[in-house]
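Novice: Contents of entry08.pdb (PDB, C-alpha atoms) are given next:
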```pdb
ATOM      1  CA  MET A   1      -4.622 -53.095 -29.667  1.00  0.00           C
ATOM      2  CA  LYS A   2      -3.792 -53.288 -25.951  1.00  0.00           C
ATOM      3  CA  LYS A   3      -0.195 -52.364 -26.713  1.00  0.00           C
ATOM      4  CA  LEU A   4      -1.351 -49.347 -28.741  1.00  0.00           C
ATOM      5  CA  VAL A   5      -3.605 -48.122 -25.889  1.00  0.00           C
ATOM      6  CA  ALA A   6      -0.770 -48.671 -23.390  1.00  0.00           C
ATOM      7  CA  VAL A   7       1.704 -46.746 -25.592  1.00  0.00           C
ATOM      8  CA  LEU A   8      -0.811 -43.888 -26.056  1.00  0.00           C
ATOM      9  CA  CYS A   9      -1.484 -43.693 -22.302  1.00  0.00           C
ATOM     10  CA  LEU A  10       2.244 -43.756 -21.526  1.00  0.00           C
ATOM     11  CA  THR A  11       2.908 -41.039 -24.140  1.00  0.00           C
ATOM     12  CA  LEU A  12       0.069 -38.912 -22.781  1.00  0.00           C
ATOM     13  CA  PHE A  13       1.351 -39.377 -19.216  1.00  0.00           C
ATOM     14  CA  LEU A  14       4.873 -38.357 -20.243  1.00  0.00           C
ATOM     15  CA  LEU A  15       3.643 -35.307 -22.153  1.00  0.00           C
ATOM     16  CA  ILE A  16       1.605 -34.102 -19.190  1.00  0.00           C
ATOM     17  CA  GLY A  17       4.519 -34.687 -16.818  1.00  0.00           C
ATOM     18  CA  CYS A  18       7.006 -32.887 -19.071  1.00  0.00           C
ATOM     19  CA  SER A  19       4.741 -29.916 -19.663  1.00  0.00           C
ATOM     20  CA  SER A  20       4.503 -28.966 -15.990  1.00  0.00           C
ATOM     21  CA  SER A  21       6.859 -26.175 -15.095  1.00  0.00           C
ATOM     22  CA  ASP A  22       9.395 -26.464 -12.325  1.00  0.00           C
ATOM     23  CA  THR A  23       9.880 -22.691 -12.198  1.00  0.00           C
ATOM     24  CA  PRO A  24       8.528 -21.092  -9.025  1.00  0.00           C
ATOM     25  CA  LYS A  25       5.534 -18.797  -9.225  1.00  0.00           C
ATOM     26  CA  GLU A  26       6.354 -15.113  -9.278  1.00  0.00           C
ATOM     27  CA  GLU A  27       5.516 -13.606  -5.902  1.00  0.00           C
ATOM     28  CA  THR A  28       3.613 -10.363  -5.786  1.00  0.00           C
ATOM     29  CA  LYS A  29       5.590  -7.708  -3.984  1.00  0.00           C
ATOM     30  CA  SER A  30       3.804  -6.358  -0.911  1.00  0.00           C
ATOM     31  CA  GLU A  31       6.470  -4.128   0.689  1.00  0.00           C
ATOM     32  CA  TYR A  32       7.712  -0.855  -0.769  1.00  0.00           C
ATOM     33  CA  SER A  33       9.969   2.062   0.156  1.00  0.00           C
ATOM     34  CA  ILE A  34       9.591   5.812  -0.296  1.00  0.00           C
ATOM     35  CA  GLY A  35       9.663   6.557  -4.028  1.00  0.00           C
ATOM     36  CA  GLU A  36       8.687   3.033  -5.131  1.00  0.00           C
ATOM     37  CA  THR A  37       5.359   2.484  -6.886  1.00  0.00           C
ATOM     38  CA  ALA A  38       3.028  -0.340  -5.944  1.00  0.00           C
ATOM     39  CA  GLU A  39       1.046  -1.516  -8.989  1.00  0.00           C
ATOM     40  CA  ILE A  40      -2.162  -3.199  -7.855  1.00  0.00           C
ATOM     41  CA  LYS A  41      -5.192  -4.018 -10.022  1.00  0.00           C
ATOM     42  CA  ASN A  42      -5.145  -1.008 -12.374  1.00  0.00           C
ATOM     43  CA  PHE A  43      -3.934   1.269  -9.606  1.00  0.00           C
ATOM     44  CA  ASN A  44      -0.497   2.758  -8.883  1.00  0.00           C
ATOM     45  CA  ILE A  45       0.303   3.918  -5.348  1.00  0.00           C
ATOM     46  CA  THR A  46       3.460   5.864  -4.482  1.00  0.00           C
ATOM     47  CA  VAL A  47       4.722   7.339  -1.215  1.00  0.00           C
ATOM     48  CA  ASN A  48       6.555  10.384  -2.548  1.00  0.00           C
ATOM     49  CA  SER A  49       8.047  11.850   0.622  1.00  0.00           C
ATOM     50  CA  ILE A  50       7.751  12.442   4.358  1.00  0.00           C
ATOM     51  CA  LYS A  51       8.240  15.701   6.235  1.00  0.00           C
ATOM     52  CA  SER A  52       7.888  17.152   9.733  1.00  0.00           C
ATOM     53  CA  LEU A  53       5.143  19.671  10.494  1.00  0.00           C
ATOM     54  CA  ASP A  54       5.622  22.552  12.949  1.00  0.00           C
ATOM     55  CA  GLY A  55       2.077  23.543  13.761  1.00  0.00           C
ATOM     56  CA  ASN A  56       0.995  27.176  13.889  1.00  0.00           C
ATOM     57  CA  GLU A  57       0.448  30.026  16.354  1.00  0.00           C
ATOM     58  CA  PHE A  58      -2.628  28.314  17.816  1.00  0.00           C
ATOM     59  CA  ILE A  59      -1.629  24.663  18.032  1.00  0.00           C
ATOM     60  CA  SER A  60       1.592  22.697  17.822  1.00  0.00           C
ATOM     61  CA  PRO A  61       2.834  19.227  18.760  1.00  0.00           C
ATOM     62  CA  ASP A  62       2.881  18.441  22.485  1.00  0.00           C
ATOM     63  CA  GLU A  63       6.222  17.871  24.173  1.00  0.00           C
ATOM     64  CA  GLY A  64       7.584  14.480  23.148  1.00  0.00           C
ATOM     65  CA  GLU A  65       5.469  14.400  19.985  1.00  0.00           C
ATOM     66  CA  GLU A  66       6.242  15.081  16.360  1.00  0.00           C
ATOM     67  CA  TRP A  67       3.801  15.719  13.555  1.00  0.00           C
ATOM     68  CA  ILE A  68       4.652  14.197  10.185  1.00  0.00           C
ATOM     69  CA  ALA A  69       3.017  14.465   6.774  1.00  0.00           C
ATOM     70  CA  ILE A  70       3.282  11.633   4.261  1.00  0.00           C
ATOM     71  CA  ASP A  71       2.898  12.756   0.639  1.00  0.00           C
ATOM     72  CA  MET A  72       1.298  10.146  -1.653  1.00  0.00           C
ATOM     73  CA  THR A  73       0.003   9.745  -5.193  1.00  0.00           C
ATOM     74  CA  PHE A  74      -2.751   7.372  -6.330  1.00  0.00           C
ATOM     75  CA  GLU A  75      -3.011   6.853 -10.105  1.00  0.00           C
ATOM     76  CA  ASN A  76      -5.984   5.096 -11.696  1.00  0.00           C
ATOM     77  CA  THR A  77      -4.784   3.134 -14.740  1.00  0.00           C
ATOM     78  CA  GLY A  78      -8.072   1.243 -15.067  1.00  0.00           C
ATOM     79  CA  GLU A  79     -11.373   1.998 -16.741  1.00  0.00           C
ATOM     80  CA  GLU A  80     -13.540   2.541 -13.638  1.00  0.00           C
ATOM     81  CA  SER A  81     -13.559   5.260 -11.008  1.00  0.00           C
ATOM     82  CA  LYS A  82     -11.926   4.359  -7.676  1.00  0.00           C
ATOM     83  CA  TYR A  83     -12.649   6.002  -4.318  1.00  0.00           C
ATOM     84  CA  ILE A  84      -9.787   6.644  -1.895  1.00  0.00           C
ATOM     85  CA  GLY A  85     -10.743   7.066   1.758  1.00  0.00           C
ATOM     86  CA  GLY A  86      -7.408   8.182   3.212  1.00  0.00           C
ATOM     87  CA  ILE A  87      -8.222   8.157   6.909  1.00  0.00           C
ATOM     88  CA  LEU A  88     -10.121   4.864   6.560  1.00  0.00           C
ATOM     89  CA  GLU A  89      -7.643   3.062   4.310  1.00  0.00           C
ATOM     90  CA  LEU A  90      -4.252   4.254   5.588  1.00  0.00           C
ATOM     91  CA  SER A  91      -2.633   3.459   8.935  1.00  0.00           C
ATOM     92  CA  LEU A  92       0.823   4.015  10.418  1.00  0.00           C
ATOM     93  CA  LYS A  93       2.434   1.523  12.814  1.00  0.00           C
ATOM     94  CA  ASP A  94       5.736   1.419  14.665  1.00  0.00           C
ATOM     95  CA  GLN A  95       8.129  -1.512  15.099  1.00  0.00           C
ATOM     96  CA  ASP A  96       5.909  -2.971  17.853  1.00  0.00           C
ATOM     97  CA  GLY A  97       2.754  -2.805  15.726  1.00  0.00           C
ATOM     98  CA  ARG A  98       1.330   0.156  17.641  1.00  0.00           C
ATOM     99  CA  SER A  99      -0.925   2.343  15.495  1.00  0.00           C
ATOM    100  CA  LYS A 100      -0.160   6.036  15.392  1.00  0.00           C
ATOM    101  CA  ASP A 101      -2.911   8.647  15.708  1.00  0.00           C
ATOM    102  CA  TYR A 102      -4.009  10.754  12.772  1.00  0.00           C
ATOM    103  CA  ASN A 103      -3.200  14.437  13.065  1.00  0.00           C
ATOM    104  CA  ILE A 104      -6.102  16.617  11.952  1.00  0.00           C
ATOM    105  CA  PHE A 105      -4.341  19.870  12.909  1.00  0.00           C
ATOM    106  CA  GLY A 106      -1.317  19.584  10.631  1.00  0.00           C
ATOM    107  CA  ASP A 107      -1.053  21.920   7.654  1.00  0.00           C
ATOM    108  CA  THR A 108      -1.091  19.376   4.832  1.00  0.00           C
ATOM    109  CA  ASP A 109      -0.911  19.968   1.086  1.00  0.00           C
ATOM    110  CA  GLY A 110      -3.983  18.350  -0.440  1.00  0.00           C
ATOM    111  CA  SER A 111      -6.266  15.595   0.794  1.00  0.00           C
ATOM    112  CA  LEU A 112      -6.101  11.866   0.144  1.00  0.00           C
ATOM    113  CA  ASP A 113      -9.887  11.501   0.065  1.00  0.00           C
ATOM    114  CA  GLY A 114     -11.963  11.391  -3.087  1.00  0.00           C
ATOM    115  CA  ASP A 115     -12.729   9.774  -6.401  1.00  0.00           C
ATOM    116  CA  VAL A 116      -9.945   9.038  -8.857  1.00  0.00           C
ATOM    117  CA  LEU A 117     -11.349   8.862 -12.372  1.00  0.00           C
ATOM    118  CA  PRO A 118      -9.806   6.587 -15.030  1.00  0.00           C
ATOM    119  CA  GLY A 119      -6.502   7.983 -16.246  1.00  0.00           C
ATOM    120  CA  GLU A 120      -6.302  10.527 -13.432  1.00  0.00           C
ATOM    121  CA  LYS A 121      -4.258  10.966 -10.246  1.00  0.00           C
ATOM    122  CA  LEU A 122      -4.975  11.991  -6.672  1.00  0.00           C
ATOM    123  CA  SER A 123      -2.032  13.469  -4.775  1.00  0.00           C
ATOM    124  CA  GLY A 124      -1.989  14.819  -1.256  1.00  0.00           C
ATOM    125  CA  GLU A 125      -0.726  14.371   2.271  1.00  0.00           C
ATOM    126  CA  ILE A 126      -1.901  12.576   5.376  1.00  0.00           C
ATOM    127  CA  SER A 127      -0.573  13.517   8.807  1.00  0.00           C
ATOM    128  CA  PHE A 128       0.200  11.407  11.884  1.00  0.00           C
ATOM    129  CA  ILE A 129       1.463  12.016  15.415  1.00  0.00           C
ATOM    130  CA  ILE A 130       4.634  10.121  16.349  1.00  0.00           C
ATOM    131  CA  SER A 131       7.063  10.271  19.264  1.00  0.00           C
ATOM    132  CA  GLY A 132      10.074  10.646  17.002  1.00  0.00           C
ATOM    133  CA  ASP A 133      12.053   7.885  18.669  1.00  0.00           C
ATOM    134  CA  GLU A 134      10.467   4.970  16.781  1.00  0.00           C
ATOM    135  CA  ALA A 135      12.985   2.511  15.363  1.00  0.00           C
ATOM    136  CA  SER A 136      10.780   1.972  12.315  1.00  0.00           C
ATOM    137  CA  LEU A 137       7.496   3.200  10.857  1.00  0.00           C
ATOM    138  CA  ASN A 138       5.363   1.418   8.282  1.00  0.00           C
ATOM    139  CA  LEU A 139       2.432   2.890   6.393  1.00  0.00           C
ATOM    140  CA  TYR A 140      -0.284   0.390   5.411  1.00  0.00           C
ATOM    141  CA  TYR A 141      -2.826   0.828   2.628  1.00  0.00           C
ATOM    142  CA  GLN A 142      -5.881  -1.437   2.933  1.00  0.00           C
ATOM    143  CA  PRO A 143      -8.785  -0.569   0.599  1.00  0.00           C
ATOM    144  CA  THR A 144     -12.164  -0.387   2.338  1.00  0.00           C
ATOM    145  CA  PHE A 145     -14.065  -3.693   2.209  1.00  0.00           C
ATOM    146  CA  SER A 146     -11.026  -5.497   0.790  1.00  0.00           C
ATOM    147  CA  THR A 147      -9.947  -8.885   2.048  1.00  0.00           C
ATOM    148  CA  SER A 148      -6.592  -8.727   0.292  1.00  0.00           C
ATOM    149  CA  LYS A 149      -3.308  -8.290   2.138  1.00  0.00           C
ATOM    150  CA  PRO A 150      -2.501  -4.616   2.860  1.00  0.00           C
ATOM    151  CA  ILE A 151       0.276  -2.860   0.960  1.00  0.00           C
ATOM    152  CA  LYS A 152       3.178  -1.886   3.223  1.00  0.00           C
ATOM    153  CA  PHE A 153       5.409   1.149   2.737  1.00  0.00           C
ATOM    154  CA  THR A 154       8.479   1.407   4.955  1.00  0.00           C
ATOM    155  CA  ILE A 155       8.937   5.088   5.714  1.00  0.00           C
ATOM    156  CA  LYS A 156      11.481   4.877   8.548  1.00  0.00           C
TER     157      LYS A 156
END
```
The structure given in the file should be rewritten as structure tokens.
Specialist:
Amino acid sequence: MKKLVAVLCLTLFLLIGCSSSDTPKEETKSEYSIGETAEIKNFNITVNSIKSLDGNEFISPDEGEEWIAIDMTFENTGEESKYIGGILELSLKDQDGRSKDYNIFGDTDGSLDGDVLPGEKLSGEISFIISGDEASLNLYYQPTFSTSKPIKFTIK
């Protein structure tokens, strides 16, 4: 009887040991480029393009500044409405981690603020003020009240 219990325990131990996987866990991607889509919890986020803005007859960028507009699309693939608060959830930083100011005067095409109903998209632009001589620029998306790691889009 003791031998039977010992054999059963040894068999059970070997089965448990052999069933564990040595394959590494798949890492969730957290950095994207222009044109790539980040798929996060029933939500697709894409930076479509970036362009320079000139200003208008009343206001234009100061000397040494450049206005840029980043065109994005948010697609709700889930079953619940999702609110996007563009100016609260998006930030632009240079290679030194310095945040860039939002540009409220730029002529942008659509807003990135509002509800995105299930199965629908929200597309628009958000504008920032840069110097133009940054070595790199990264756009970060961090949903309001979220503790998860922000999504990073390399735009320059």
Novice: What does the distance between atom CA of Gly119 of chain A and atom CA of Ser146 of chain A come to in Å, to one decimal place?
Specialist: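 Separating atom CA of Gly119 of chain A from atom CA of Ser146 of chain A is a distance of 22.2 Å.
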Novice: Set the distance at 12 Å and use all atoms listed in the file: which residues neighbour Ser30 of chain A once local chain neighbours fewer than 3 positions away are removed? I'd like the list as a PyMOL selection string.
Specialist: chain A and resi 27+33+36-40+45+139-142+148-154
Novice: To verify the selection step, state as number ranges by chain which residues the PyMOL selection byres ((chain A and resi 70) around 10) yields on this input.
Specialist: A: 34, 47-52, 68-69, 71-72, 108-109, 124-128, 139, 155
Novice: In Å to one decimal, how far is atom CA of Asn56 of chain A from atom CA of Ser136 of chain A?
Specialist: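 Atom-to-atom, atom CA of Ser136 of chain A and atom CA of Asn56 of chain A are spaced 27.1 Å apart.
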Novice: Identify the residues around (-15.6, 9.8, -3.6) within a radius of 12 Å, measuring from all atoms listed in the file in the coordinates stated by the file, and give them as a count of residues only.
Specialist: 14
Novice: Using Å and a single decimal, report how far atom CA of Gly132 of chain A sits from atom CA of Lys93 of chain A.
Specialist: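 Result for atom CA of Lys93 of chain A versus atom CA of Gly132 of chain A: 12.6 Å, one decimal.
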Novice: May I ask you to restore N, CA, C and O atoms in segment 99-116 of chain A and write the result as a short mmCIF file (atom, residue, chain, number, x, y, z; two decimals), in the coordinates of the input?
Specialist:
```
data_model
loop_
_atom_site.label_atom_id
_atom_site.label_comp_id
_atom_site.auth_asym_id
_atom_site.auth_seq_id
_atom_site.Cartn_x
_atom_site.Cartn_y
_atom_site.Cartn_z
N SER A 99 -0.40 1.37 16.45
CA SER A 99 -0.92 2.34 15.50
C SER A 99 -0.70 3.75 16.01
O SER A 99 -0.81 4.03 17.20
N LYS A 100 -0.37 4.63 15.08
CA LYS A 100 -0.16 6.04 15.39
C LYS A 100 -1.44 6.80 15.09
O LYS A 100 -2.18 6.47 14.16
N ASP A 101 -1.70 7.84 15.88
CA ASP A 101 -2.91 8.65 15.71
C ASP A 101 -2.80 9.56 14.50
O ASP A 101 -1.72 10.05 14.17
N TYR A 102 -3.95 9.79 13.87
CA TYR A 102 -4.01 10.75 12.77
C TYR A 102 -3.90 12.15 13.37
O TYR A 102 -4.36 12.40 14.48
N ASN A 103 -3.32 13.06 12.63
CA ASN A 103 -3.20 14.44 13.06
C ASN A 103 -4.09 15.30 12.18
O ASN A 103 -3.80 15.49 11.00
N ILE A 104 -5.17 15.80 12.75
CA ILE A 104 -6.10 16.62 11.95
C ILE A 104 -5.72 18.09 11.97
O ILE A 104 -6.31 18.89 11.26
N PHE A 105 -4.72 18.47 12.78
CA PHE A 105 -4.34 19.87 12.91
C PHE A 105 -3.16 20.25 12.02
O PHE A 105 -2.86 21.42 11.87
N GLY A 106 -2.48 19.28 11.46
CA GLY A 106 -1.32 19.58 10.63
C GLY A 106 -1.70 20.29 9.35
O GLY A 106 -2.76 20.06 8.78
N ASP A 107 -0.84 21.18 8.89
CA ASP A 107 -1.05 21.92 7.65
C ASP A 107 -0.56 21.06 6.49
O ASP A 107 0.61 21.09 6.14
N THR A 108 -1.47 20.29 5.91
CA THR A 108 -1.09 19.38 4.83
C THR A 108 -1.42 19.99 3.47
O THR A 108 -2.28 20.86 3.35
N ASP A 109 -0.74 19.50 2.45
CA ASP A 109 -0.91 19.97 1.09
C ASP A 109 -1.78 18.98 0.32
O ASP A 109 -1.30 17.97 -0.18
N GLY A 110 -3.06 19.23 0.26
CA GLY A 110 -3.98 18.35 -0.44
C GLY A 110 -4.50 17.23 0.45
O GLY A 110 -3.90 16.88 1.45
N SER A 111 -5.61 16.67 0.06
CA SER A 111 -6.27 15.60 0.79
C SER A 111 -6.13 14.28 0.03
O SER A 111 -6.05 14.27 -1.19
N LEU A 112 -6.13 13.19 0.77
CA LEU A 112 -6.10 11.87 0.14
C LEU A 112 -7.48 11.20 0.23
O LEU A 112 -7.59 10.00 0.43
N ASP A 113 -8.51 11.99 0.08
CA ASP A 113 -9.89 11.50 0.06
C ASP A 113 -10.55 11.95 -1.22
O ASP A 113 -10.48 13.13 -1.56
N GLY A 114 -11.20 11.01 -1.91
CA GLY A 114 -11.96 11.39 -3.09
C GLY A 114 -11.91 10.36 -4.19
O GLY A 114 -11.23 9.34 -4.10
N ASP A 115 -12.67 10.65 -5.23
CA ASP A 115 -12.73 9.77 -6.40
C ASP A 115 -11.54 10.04 -7.31
O ASP A 115 -11.14 11.18 -7.51
N VAL A 116 -11.01 8.94 -7.86
CA VAL A 116 -9.94 9.04 -8.86
C VAL A 116 -10.52 8.44 -10.14
O VAL A 116 -10.76 7.24 -10.23
#
```
